[in-house]
file upload.cif (mmCIF, C-alpha atoms)
data_structure
#
loop_
_atom_site.label_atom_id
_atom_site.label_comp_id
_atom_site.auth_asym_id
_atom_site.auth_seq_id
_atom_site.Cartn_x
_atom_site.Cartn_y
_atom_site.Cartn_z
CA MET G 1 0.00 0.00 0.00
CA VAL G 2 1.37 3.35 -0.99
CA ASN G 3 -1.01 5.29 1.21
CA ASP G 4 -4.10 4.87 3.29
CA ASP G 5 -7.23 4.85 1.10
CA THR G 6 -9.03 7.44 3.20
CA GLU G 7 -6.08 9.78 2.92
CA LEU G 8 -5.92 9.24 -0.84
CA VAL G 9 -9.64 9.98 -1.19
CA ALA G 10 -9.09 13.21 0.74
CA ARG G 11 -6.22 14.13 -1.58
CA VAL G 12 -8.34 13.51 -4.70
CA ARG G 13 -11.10 15.66 -3.23
CA ALA G 14 -8.62 18.38 -2.39
CA GLY G 15 -7.84 18.67 -6.09
CA SER G 16 -5.07 16.15 -6.63
CA PRO G 17 -6.52 13.74 -9.21
CA ASP G 18 -3.17 11.90 -9.53
CA ALA G 19 -3.79 10.42 -6.08
CA TYR G 20 -6.53 8.39 -7.75
CA THR G 21 -3.84 6.33 -9.53
CA ASP G 22 -2.56 5.18 -6.13
CA LEU G 23 -6.11 4.48 -5.02
CA VAL G 24 -6.61 2.30 -8.12
CA ARG G 25 -3.28 0.52 -7.49
CA ASN G 26 -4.28 -0.23 -3.89
CA ASN G 27 -7.59 -1.77 -4.89
CA GLN G 28 -7.19 -3.16 -8.42
CA GLN G 29 -6.45 -6.74 -7.35
CA GLN G 30 -9.56 -6.89 -5.20
CA VAL G 31 -11.75 -5.52 -8.03
CA PHE G 32 -10.29 -8.04 -10.50
CA SER G 33 -10.94 -10.83 -7.98
CA ILE G 34 -14.60 -9.90 -7.72
CA LEU G 35 -15.17 -9.41 -11.44
CA HIS G 36 -13.43 -12.52 -12.74
CA ARG G 37 -16.07 -14.61 -10.96
CA TYR G 38 -18.60 -13.37 -13.51
CA GLU G 39 -16.48 -13.20 -16.66
CA ARG G 40 -13.81 -15.60 -17.91
CA ASP G 41 -12.48 -13.40 -20.72
CA THR G 42 -9.56 -11.48 -19.19
CA HIS G 43 -9.97 -8.56 -21.60
CA LEU G 44 -13.60 -8.17 -20.56
CA VAL G 45 -12.60 -8.38 -16.89
CA GLU G 46 -10.22 -5.49 -17.54
CA ASP G 47 -12.98 -3.48 -19.22
CA LEU G 48 -15.31 -4.14 -16.29
CA ALA G 49 -12.61 -3.15 -13.80
CA GLN G 50 -12.05 0.07 -15.73
CA GLU G 51 -15.81 0.73 -15.66
CA THR G 52 -15.82 0.12 -11.89
CA PHE G 53 -13.04 2.64 -11.23
CA THR G 54 -14.61 5.20 -13.58
CA LYS G 55 -17.94 4.91 -11.76
CA ALA G 56 -16.16 5.18 -8.41
CA TRP G 57 -14.39 8.34 -9.62
CA ARG G 58 -17.68 9.93 -10.66
CA ALA G 59 -19.36 8.98 -7.37
CA LEU G 60 -16.49 9.90 -5.09
CA ASP G 61 -18.44 12.84 -3.63
CA ARG G 62 -21.01 10.34 -2.33
CA PHE G 63 -18.38 8.32 -0.42
CA ASP G 64 -19.07 9.32 3.18
CA GLY G 65 -16.30 7.28 4.81
CA ARG G 66 -18.64 5.39 7.15
CA ALA G 67 -17.55 2.09 5.58
CA PRO G 68 -14.00 1.42 4.35
CA PHE G 69 -13.29 2.59 0.79
CA GLN G 70 -12.60 -1.03 -0.20
CA HIS G 71 -16.11 -2.07 0.80
CA TRP G 72 -17.68 0.90 -1.00
CA LEU G 73 -15.71 0.01 -4.14
CA SER G 74 -16.74 -3.67 -3.86
CA ARG G 75 -20.37 -2.58 -3.96
CA ILE G 76 -19.74 -0.70 -7.19
CA ALA G 77 -17.89 -3.72 -8.64
CA VAL G 78 -20.78 -6.04 -7.72
CA HIS G 79 -23.26 -3.71 -9.44
CA VAL G 80 -21.04 -3.49 -12.52
CA ALA G 81 -20.97 -7.32 -12.53
CA LEU G 82 -24.75 -7.44 -12.15
CA ASP G 83 -25.23 -5.11 -15.15
CA HIS G 84 -22.76 -7.20 -17.14
CA VAL G 85 -24.56 -10.48 -16.35
CA ARG G 86 -27.90 -8.87 -17.25
CA ARG G 87 -26.49 -7.63 -20.59
CA ARG G 88 -25.03 -11.06 -21.29
CA LYS G 89 -28.37 -12.72 -20.56
CA ARG G 90 -30.11 -10.30 -22.90
CA PHE G 91 -27.76 -11.25 -25.72
CA ALA G 92 -27.55 -14.91 -24.70
CA GLY G 93 -28.61 -16.02 -28.17
CA THR G 94 -25.84 -14.08 -29.88
CA ILE G 95 -22.96 -14.91 -27.53
CA ALA G 96 -21.45 -18.34 -27.94
CA PHE G 97 -20.49 -20.04 -24.69
CA PRO G 98 -17.46 -22.30 -24.90
CA GLU G 99 -18.11 -26.02 -24.73
CA ILE G 100 -16.99 -27.86 -21.65
CA GLY G 101 -13.80 -29.91 -21.91
CA GLU G 102 -13.44 -33.71 -21.81
CA ASP G 103 -12.07 -33.67 -18.24
CA SER G 104 -15.07 -31.76 -16.96
CA VAL G 105 -17.41 -34.12 -18.83
CA GLY G 106 -15.65 -37.06 -17.19
CA TRP G 107 -16.05 -35.53 -13.75
CA LEU G 108 -19.75 -34.93 -14.38
CA ARG G 109 -20.25 -38.56 -15.48
CA ASP G 110 -18.67 -40.05 -12.36
CA GLU G 111 -21.13 -40.77 -9.58
CA LEU G 112 -18.35 -40.50 -6.98
CA PRO G 113 -15.55 -38.62 -8.73
CA PRO G 114 -12.21 -39.83 -7.38
CA ARG G 115 -10.24 -36.72 -8.23
CA GLU G 116 -10.56 -33.05 -7.44
CA LEU G 117 -11.73 -30.75 -10.16
CA GLU G 118 -9.51 -27.86 -11.26
CA GLY G 119 -10.81 -24.33 -10.86
CA ARG G 120 -10.97 -23.81 -14.62
CA GLN G 121 -13.00 -26.99 -15.11
CA ALA G 122 -15.42 -26.10 -12.34
CA ARG G 123 -15.94 -22.72 -13.98
CA GLU G 124 -16.70 -24.36 -17.32
CA ILE G 125 -19.47 -26.42 -15.76
CA LEU G 126 -20.80 -23.61 -13.56
CA ASP G 127 -20.82 -21.05 -16.38
CA LEU G 128 -23.00 -23.32 -18.49
CA ALA G 129 -25.30 -24.21 -15.60
CA MET G 130 -25.58 -20.57 -14.45
CA GLN G 131 -27.29 -19.67 -17.72
CA SER G 132 -30.52 -21.01 -16.24
CA LEU G 133 -30.31 -18.52 -13.35
CA SER G 134 -31.43 -14.90 -13.33
CA ALA G 135 -28.68 -12.26 -13.09
CA ALA G 136 -29.54 -11.52 -9.44
CA GLU G 137 -29.46 -15.24 -8.57
CA GLN G 138 -26.06 -15.63 -10.25
CA ILE G 139 -24.66 -12.76 -8.19
CA VAL G 140 -26.06 -14.07 -4.89
CA ILE G 141 -24.93 -17.69 -5.37
CA THR G 142 -21.47 -16.58 -6.53
CA LEU G 143 -21.00 -14.25 -3.57
CA MET G 144 -22.25 -16.88 -1.13
CA GLU G 145 -20.81 -20.15 -2.41
CA ILE G 146 -17.71 -19.13 -4.36
CA GLU G 147 -16.58 -15.98 -2.58
CA GLY G 148 -17.77 -17.37 0.76
CA ARG G 149 -19.46 -14.17 1.92
CA SER G 150 -22.08 -14.08 4.67
CA VAL G 151 -25.72 -13.13 4.11
CA LYS G 152 -25.10 -9.83 5.93
CA GLU G 153 -22.20 -8.99 3.64
CA ILE G 154 -24.23 -9.88 0.54
CA CYS G 155 -27.09 -7.64 1.73
CA SER G 156 -24.67 -4.79 2.14
CA LEU G 157 -23.07 -5.38 -1.27
CA THR G 158 -26.26 -5.83 -3.27
CA GLY G 159 -28.66 -3.66 -1.29
CA ASP G 160 -31.11 -6.58 -0.98
CA SER G 161 -32.89 -7.66 2.21
CA SER G 162 -31.65 -10.77 4.03
CA VAL G 163 -34.88 -12.59 3.19
CA ALA G 164 -34.42 -11.82 -0.52
CA VAL G 165 -30.81 -13.02 -0.38
CA ARG G 166 -31.72 -16.30 1.36
CA VAL G 167 -34.63 -16.99 -1.00
CA ARG G 168 -32.50 -16.22 -4.06
CA ALA G 169 -29.68 -18.42 -2.83
CA MET G 170 -32.03 -21.33 -2.19
CA ARG G 171 -33.71 -20.95 -5.56
CA ALA G 172 -30.36 -20.60 -7.31
CA ARG G 173 -28.99 -23.78 -5.71
CA SER G 174 -32.04 -25.75 -6.75
CA LYS G 175 -31.92 -24.38 -10.33
CA LEU G 176 -28.18 -25.08 -10.53
CA ARG G 177 -28.66 -28.67 -9.40
CA LYS G 178 -31.32 -29.20 -12.07
CA ALA G 179 -29.19 -27.54 -14.76
CA ILE G 180 -26.19 -29.71 -13.91
CA GLU G 181 -28.36 -32.84 -13.89
CA LYS G 182 -29.47 -31.84 -17.40
CA LEU G 183 -25.84 -31.38 -18.41
CA GLU G 184 -24.97 -34.79 -16.97
CA ALA G 185 -27.83 -36.37 -18.90
CA SER G 186 -26.87 -34.65 -22.15
CA GLU G 187 -23.22 -35.63 -21.74
CA HIS G 188 -24.25 -39.26 -21.20
CA GLU G 189 -26.05 -39.29 -24.57
CA MET W 1 -26.48 -34.14 -8.77
CA ASN W 2 -26.18 -34.46 -5.03
CA ASP W 3 -25.31 -31.67 -2.62
CA LYS W 4 -21.82 -33.06 -2.01
CA LYS W 5 -20.94 -32.90 -5.70
CA LEU W 6 -22.37 -29.39 -6.02
CA ASN W 7 -20.28 -28.30 -3.02
CA GLN W 8 -17.18 -29.86 -4.62
CA LEU W 9 -17.91 -27.81 -7.71
CA PHE W 10 -18.12 -24.60 -5.68
CA ALA W 11 -14.94 -25.46 -3.78
CA ALA W 12 -13.06 -26.05 -7.02
CA ALA W 13 -14.34 -22.77 -8.48
CA ARG W 14 -13.15 -21.02 -5.31
CA ARG W 15 -9.60 -22.20 -6.04
CA GLU W 16 -9.49 -20.51 -9.43
CA THR W 17 -7.00 -17.67 -9.39
CA PRO W 18 -7.98 -14.25 -10.74
CA PRO W 19 -6.18 -12.94 -13.82
CA ALA W 20 -3.06 -10.86 -13.22
CA VAL W 21 -3.65 -7.12 -13.27
CA PRO W 22 -1.73 -5.48 -16.15
CA ALA W 23 1.21 -3.42 -14.88
CA ASP W 24 -0.07 -0.19 -16.41
CA PHE W 25 -3.72 -0.69 -15.45
CA ALA W 26 -3.88 2.18 -12.92
CA GLU W 27 -2.29 4.59 -15.42
CA ARG W 28 -4.78 3.51 -18.09
CA VAL W 29 -7.68 4.12 -15.71
CA GLN W 30 -6.31 7.56 -14.89
CA HIS W 31 -5.82 8.31 -18.57
CA GLY W 32 -9.41 7.31 -19.37
CA LEU W 33 -10.93 9.55 -16.70
CA ASP W 34 -12.67 12.73 -17.69
CA PRO W 35 -11.20 15.38 -15.38
CA SER W 36 -14.36 17.48 -15.67
CA ALA W 37 -16.36 14.58 -14.22
CA THR W 38 -14.61 14.67 -10.85
CA ALA W 39 -16.65 14.54 -7.71
CA ASN W 40 -15.80 18.14 -6.85
CA VAL W 41 -17.29 19.69 -9.97
CA PRO W 42 -20.90 20.68 -9.33
CA VAL W 43 -23.30 18.92 -11.68
CA VAL W 44 -25.55 21.26 -13.67
CA VAL W 45 -29.05 19.87 -13.95
CA SER W 46 -31.37 21.46 -16.53
CA PHE W 47 -34.91 22.60 -15.74
CA LEU W 48 -36.35 19.81 -17.93
CA ASP W 49 -34.23 17.19 -16.13
CA GLN W 50 -35.49 18.45 -12.79
CA LEU W 51 -39.06 18.39 -14.09
CA ASN W 52 -38.57 14.82 -15.36
CA ARG W 53 -37.01 13.70 -12.12
CA ASN W 54 -39.81 15.15 -9.96
CA PHE W 55 -42.71 14.53 -12.34
CA SER W 56 -44.33 11.80 -10.25
CA ARG W 57 -44.12 14.03 -7.16
CA TYR W 58 -45.74 16.98 -8.99
CA ALA W 59 -48.49 14.72 -10.37
CA ALA W 60 -49.24 13.36 -6.89
CA ILE W 61 -49.42 16.89 -5.42
CA ALA W 62 -51.74 18.04 -8.24
CA ALA W 63 -53.99 15.01 -7.74
CA ALA W 64 -54.10 15.64 -3.99
CA MET W 65 -55.10 19.28 -4.57
CA ILE W 66 -57.88 18.26 -6.96
CA VAL W 67 -59.20 15.72 -4.44
CA LEU W 68 -59.05 18.38 -1.69
CA CYS W 69 -60.99 20.93 -3.79
CA VAL W 70 -63.65 18.36 -4.70
CA ALA W 71 -63.96 17.35 -1.03
CA VAL W 72 -64.37 21.00 0.05
CA GLU W 73 -66.97 21.57 -2.65
CA ILE W 74 -68.94 18.45 -1.67
CA SER W 75 -68.82 19.27 2.04
CA GLN W 76 -70.03 22.81 1.33
CA SER W 77 -72.88 21.62 -0.83
CA LEU W 78 -73.92 19.12 1.84
CA SER W 79 -73.93 21.79 4.55
CA GLN W 80 -76.07 24.09 2.30
CA GLU W 81 -73.44 26.78 2.43
CA PRO W 82 -72.89 28.80 -0.75
CA SER W 83 -70.25 27.04 -2.86
CA ILE W 84 -67.45 28.56 -4.91
CA ASP W 85 -69.70 28.21 -7.98
CA ASP W 86 -72.40 30.31 -6.28
CA ASP W 87 -69.87 32.98 -5.40
CA VAL W 88 -68.59 33.10 -8.96
CA ASN W 89 -72.15 33.28 -10.33
CA GLN W 90 -72.92 36.11 -7.91
CA ILE W 91 -69.85 38.07 -9.00
CA CYS W 92 -70.69 37.52 -12.67
CA SER W 93 -74.28 38.68 -12.30
CA ASP W 94 -73.23 41.73 -10.25
CA TRP W 95 -70.73 42.66 -12.93
CA MET W 96 -73.35 42.23 -15.68
CA LEU W 97 -75.81 44.52 -13.84
CA HIS W 98 -73.22 47.23 -13.49
#
call {"tool": "encode", "arguments": {"input": "upload.cif", "output": "structure tokens"}}
result
Amino acid sequence: MVNDDTELVARVRAGSPDAYTDLVRNNQQQVFSILHRYERDTHLVEDLAQETFTKAWRALDRFDGRAPFQHWLSRIAVHVALDHVRRRKRFAGTIAFPEIGEDSVGWLRDELPPRELEGRQAREILDLAMQSLSAAEQIVITLMEIEGRSVKEICSLTGDSSVAVRVRAMRARSKLRKAIEKLEASEHE
Amino acid sequence: MNDKKLNQLFAAARRETPPAVPADFAERVQHGLDPSATANVPVVVSFLDQLNRNFSRYAAIAAAMIVLCVAVEISQSLSQEPSIDDDVNQICSDWMLH
């Protein structure tokens, strides 16, 4: 860390826009970590990260410092991801999703798979299965099951109530299970 | 698909490492920023934008005023007191006579 985020925000506000470069450097890894859960293409992840930091720059006057800057920025990143997933769903017919590899197919076929799946392979399966979920459900299940965040954290990041988060997570899990069963069946054929 | 297998899938996805951030990413972000869009520059909102933004509020206030006027008129007519219409008619006829 070059400087404390709060201090850097104060410097940007005081008319030193260059301090924003340090603010980006301090938080870029975290933003990339959030966004790559929703997009596998690294170039698109970069675009989304850029969009996140641009939105944060424009909204900096609304940052009141009650929560850490990192948390405030995560909320923006999650909303950028949500918009991205919504857009992708809208154009689902025109965007080609990559097929899943042989290894992932093999893992799906096994009733009791003896080996651990690699992260990349798990993503291949999950990306296909997640297409049956709404954008909001994809965000909630990813935050909860892959990022390991608590319901309270998810509420704070998405702005949803805890009931909505729990219901969405339950529905998403059930839809995912069905979608993967379908995948298993189709891969058996 | 049992719960155990689904959990294994999530656990494996959790292990996936994020892509490396390009070395010049922060500079590129800074370069792409519009300096006039900083938080400190006051945003100028046009009259039409303000009207658009508050339209539902204005419509609700107008509707409430109409309902209030109708209620006053009805209550006056029920209590046999001269209504606004009567007053207007009176003024008109007085003016005509003059």
call {"tool": "interface_residues", "arguments": {"input": "upload.cif", "of": "chain G", "to": "chain W", "cutoff": "6 Å", "atoms": "only C-alpha atoms", "output": "PDB file with C-alpha atoms, in the frame of the given file"}}
result
ATOM      1  CA  THR G  21      -3.840   6.330  -9.530  1.00  0.00           C
ATOM      2  CA  VAL G  24      -6.610   2.300  -8.120  1.00  0.00           C
ATOM      3  CA  ARG G  25      -3.280   0.520  -7.490  1.00  0.00           C
ATOM      4  CA  SER G  33     -10.940 -10.830  -7.980  1.00  0.00           C
ATOM      5  CA  GLN G  50     -12.050   0.070 -15.730  1.00  0.00           C
ATOM      6  CA  ARG G  58     -17.680   9.930 -10.660  1.00  0.00           C
ATOM      7  CA  LEU G  60     -16.490   9.900  -5.090  1.00  0.00           C
ATOM      8  CA  ASP G  61     -18.440  12.840  -3.630  1.00  0.00           C
ATOM      9  CA  LEU G 117     -11.730 -30.750 -10.160  1.00  0.00           C
ATOM     10  CA  GLU G 118      -9.510 -27.860 -11.260  1.00  0.00           C
ATOM     11  CA  GLY G 119     -10.810 -24.330 -10.860  1.00  0.00           C
ATOM     12  CA  ALA G 122     -15.420 -26.100 -12.340  1.00  0.00           C
ATOM     13  CA  ARG G 123     -15.940 -22.720 -13.980  1.00  0.00           C
ATOM     14  CA  ILE G 146     -17.710 -19.130  -4.360  1.00  0.00           C
ATOM     15  CA  ARG G 177     -28.660 -28.670  -9.400  1.00  0.00           C
ATOM     16  CA  GLU G 181     -28.360 -32.840 -13.890  1.00  0.00           C
TER      17      GLU G 181
END
call {"tool": "atom_distance", "arguments": {"input": "upload.cif", "atom1": "atom CA of G:Arg40", "atom2": "atom CA of G:Asp127"}}
result
9.0 Å
call {"tool": "resolve_selection", "arguments": {"input": "upload.cif", "expression": "the PyMOL selection byres ((chain G and resi 85) around 9)", "output": "list in words"}}
result
Tyr38, Glu39, Val80, Ala81, Leu82, Asp83, His84, Arg86, Arg87, Arg88, Lys89, Arg90, Ser134, Ala135, Ala136, Gln138 and Ile139 of chain G
call {"tool": "closest_residue", "arguments": {"input": "upload.cif", "among": "G:Ala19, G:Val78, G:Ala185, G:Leu8", "to": "G:Asp110", "atoms": "only C-alpha atoms"}}
result
G:Ala185
call {"tool": "atom_distance", "arguments": {"input": "upload.cif", "atom1": "atom CA of G:Phe53", "atom2": "atom CA of G:Met144"}}
result
23.8 Å
call {"tool": "resolve_selection", "arguments": {"input": "upload.cif", "expression": "the PyMOL selection byres ((chain G and resi 150-162) around 10)", "output": "list of chain:residue names"}}
result
G:His71, G:Trp72, G:Leu73, G:Ser74, G:Arg75, G:Ile76, G:Ala77, G:Val78, G:His79, G:Leu82, G:Ala136, G:Ile139, G:Val140, G:Ile141, G:Leu143, G:Met144, G:Glu145, G:Glu147, G:Gly148, G:Arg149, G:Val163, G:Ala164, G:Val165, G:Arg166, G:Val167, G:Arg168, G:Ala169
call {"tool": "atom_distance", "arguments": {"input": "upload.cif", "atom1": "atom CA of W:Trp95", "atom2": "atom CA of W:Gln80"}}
result
24.6 Å
call {"tool": "residues_around", "arguments": {"input": "upload.cif", "residues": "G:Lys175", "least_positions_apart": "5", "cutoff": "10 Å", "atoms": "all atoms listed in the file", "output": "number ranges by chain"}}
result
G: 129-134, 137, 169-170, 180-181
call {"tool": "closest_residue", "arguments": {"input": "upload.cif", "among": "G:Ala56, G:Asp103, G:Phe32, G:Pro68", "to": "G:Asp5", "atoms": "all atoms listed in the file"}}
result
G:Pro68
call {"tool": "residues_around", "arguments": {"input": "upload.cif", "residues": "stretch 83-91 of chain W", "least_positions_apart": "5", "cutoff": "7 Å", "atoms": "only C-alpha atoms", "output": "PDB file with C-alpha atoms, keeping the file's coordinate frame"}}
result
ATOM      1  CA  GLU W  73     -66.970  21.570  -2.650  1.00  0.00           C
ATOM      2  CA  GLN W  76     -70.030  22.810   1.330  1.00  0.00           C
ATOM      3  CA  SER W  77     -72.880  21.620  -0.830  1.00  0.00           C
TER       4      SER W  77
END
call {"tool": "resolve_selection", "arguments": {"input": "upload.cif", "expression": "the PyMOL selection byres ((chain G and resi 101) around 12)", "output": "mmCIF file with C-alpha atoms, in the coordinates of the input"}}
result
data_model
loop_
_atom_site.group_PDB
_atom_site.id
_atom_site.type_symbol
_atom_site.label_atom_id
_atom_site.label_comp_id
_atom_site.auth_asym_id
_atom_site.auth_seq_id
_atom_site.Cartn_x
_atom_site.Cartn_y
_atom_site.Cartn_z
ATOM 1 C CA PRO G 98 -17.460 -22.300 -24.900
ATOM 2 C CA GLU G 99 -18.110 -26.020 -24.730
ATOM 3 C CA ILE G 100 -16.990 -27.860 -21.650
ATOM 4 C CA GLU G 102 -13.440 -33.710 -21.810
ATOM 5 C CA ASP G 103 -12.070 -33.670 -18.240
ATOM 6 C CA SER G 104 -15.070 -31.760 -16.960
ATOM 7 C CA VAL G 105 -17.410 -34.120 -18.830
ATOM 8 C CA GLY G 106 -15.650 -37.060 -17.190
ATOM 9 C CA TRP G 107 -16.050 -35.530 -13.750
ATOM 10 C CA LEU G 108 -19.750 -34.930 -14.380
ATOM 11 C CA LEU G 117 -11.730 -30.750 -10.160
ATOM 12 C CA GLU G 118 -9.510 -27.860 -11.260
ATOM 13 C CA ARG G 120 -10.970 -23.810 -14.620
ATOM 14 C CA GLN G 121 -13.000 -26.990 -15.110
ATOM 15 C CA ALA G 122 -15.420 -26.100 -12.340
ATOM 16 C CA ARG G 123 -15.940 -22.720 -13.980
ATOM 17 C CA GLU G 124 -16.700 -24.360 -17.320
ATOM 18 C CA ILE G 125 -19.470 -26.420 -15.760
ATOM 19 C CA LEU G 128 -23.000 -23.320 -18.490
ATOM 20 C CA GLU G 187 -23.220 -35.630 -21.740
#
call {"tool": "build_atoms", "arguments": {"input": "upload.cif", "residues": "stretch 32-46 of chain G", "atoms": "N, CA and C atoms", "output": "PDB file, keeping the file's coordinate frame"}}
result
ATOM      1  N   PHE G  32     -10.459  -6.961  -9.526  1.00  0.00           N
ATOM      2  CA  PHE G  32     -10.290  -8.040 -10.500  1.00  0.00           C
ATOM      3  C   PHE G  32     -10.795  -9.370  -9.912  1.00  0.00           C
ATOM      4  N   SER G  33     -10.512  -9.579  -8.623  1.00  0.00           N
ATOM      5  CA  SER G  33     -10.940 -10.830  -7.980  1.00  0.00           C
ATOM      6  C   SER G  33     -12.453 -10.962  -7.948  1.00  0.00           C
ATOM      7  N   ILE G  34     -13.136  -9.845  -7.735  1.00  0.00           N
ATOM      8  CA  ILE G  34     -14.600  -9.900  -7.720  1.00  0.00           C
ATOM      9  C   ILE G  34     -15.123 -10.151  -9.137  1.00  0.00           C
ATOM     10  N   LEU G  35     -14.596  -9.386 -10.089  1.00  0.00           N
ATOM     11  CA  LEU G  35     -15.170  -9.410 -11.440  1.00  0.00           C
ATOM     12  C   LEU G  35     -14.885 -10.699 -12.204  1.00  0.00           C
ATOM     13  N   HIS G  36     -13.745 -11.327 -11.938  1.00  0.00           N
ATOM     14  CA  HIS G  36     -13.430 -12.520 -12.740  1.00  0.00           C
ATOM     15  C   HIS G  36     -14.344 -13.693 -12.401  1.00  0.00           C
ATOM     16  N   ARG G  37     -15.103 -13.563 -11.299  1.00  0.00           N
ATOM     17  CA  ARG G  37     -16.070 -14.610 -10.960  1.00  0.00           C
ATOM     18  C   ARG G  37     -17.242 -14.613 -11.948  1.00  0.00           C
ATOM     19  N   TYR G  38     -17.433 -13.495 -12.635  1.00  0.00           N
ATOM     20  CA  TYR G  38     -18.600 -13.370 -13.510  1.00  0.00           C
ATOM     21  C   TYR G  38     -18.224 -13.337 -14.989  1.00  0.00           C
ATOM     22  N   GLU G  39     -16.932 -13.278 -15.262  1.00  0.00           N
ATOM     23  CA  GLU G  39     -16.480 -13.200 -16.660  1.00  0.00           C
ATOM     24  C   GLU G  39     -15.141 -13.895 -16.787  1.00  0.00           C
ATOM     25  N   ARG G  40     -15.056 -14.841 -17.755  1.00  0.00           N
ATOM     26  CA  ARG G  40     -13.810 -15.600 -17.910  1.00  0.00           C
ATOM     27  C   ARG G  40     -12.824 -14.899 -18.836  1.00  0.00           C
ATOM     28  N   ASP G  41     -13.349 -14.089 -19.756  1.00  0.00           N
ATOM     29  CA  ASP G  41     -12.480 -13.400 -20.720  1.00  0.00           C
ATOM     30  C   ASP G  41     -11.695 -12.296 -19.993  1.00  0.00           C
ATOM     31  N   THR G  42     -10.373 -12.430 -19.972  1.00  0.00           N
ATOM     32  CA  THR G  42      -9.560 -11.480 -19.190  1.00  0.00           C
ATOM     33  C   THR G  42      -9.663 -10.046 -19.722  1.00  0.00           C
ATOM     34  N   HIS G  43      -9.841  -9.911 -21.036  1.00  0.00           N
ATOM     35  CA  HIS G  43      -9.970  -8.560 -21.600  1.00  0.00           C
ATOM     36  C   HIS G  43     -11.262  -7.892 -21.116  1.00  0.00           C
ATOM     37  N   LEU G  44     -12.325  -8.711 -21.055  1.00  0.00           N
ATOM     38  CA  LEU G  44     -13.600  -8.170 -20.560  1.00  0.00           C
ATOM     39  C   LEU G  44     -13.518  -7.839 -19.074  1.00  0.00           C
ATOM     40  N   VAL G  45     -12.778  -8.664 -18.325  1.00  0.00           N
ATOM     41  CA  VAL G  45     -12.600  -8.380 -16.890  1.00  0.00           C
ATOM     42  C   VAL G  45     -11.901  -7.018 -16.745  1.00  0.00           C
ATOM     43  N   GLU G  46     -10.929  -6.783 -17.573  1.00  0.00           N
ATOM     44  CA  GLU G  46     -10.220  -5.490 -17.540  1.00  0.00           C
ATOM     45  C   GLU G  46     -11.165  -4.332 -17.833  1.00  0.00           C
TER      46      GLU G  46
END
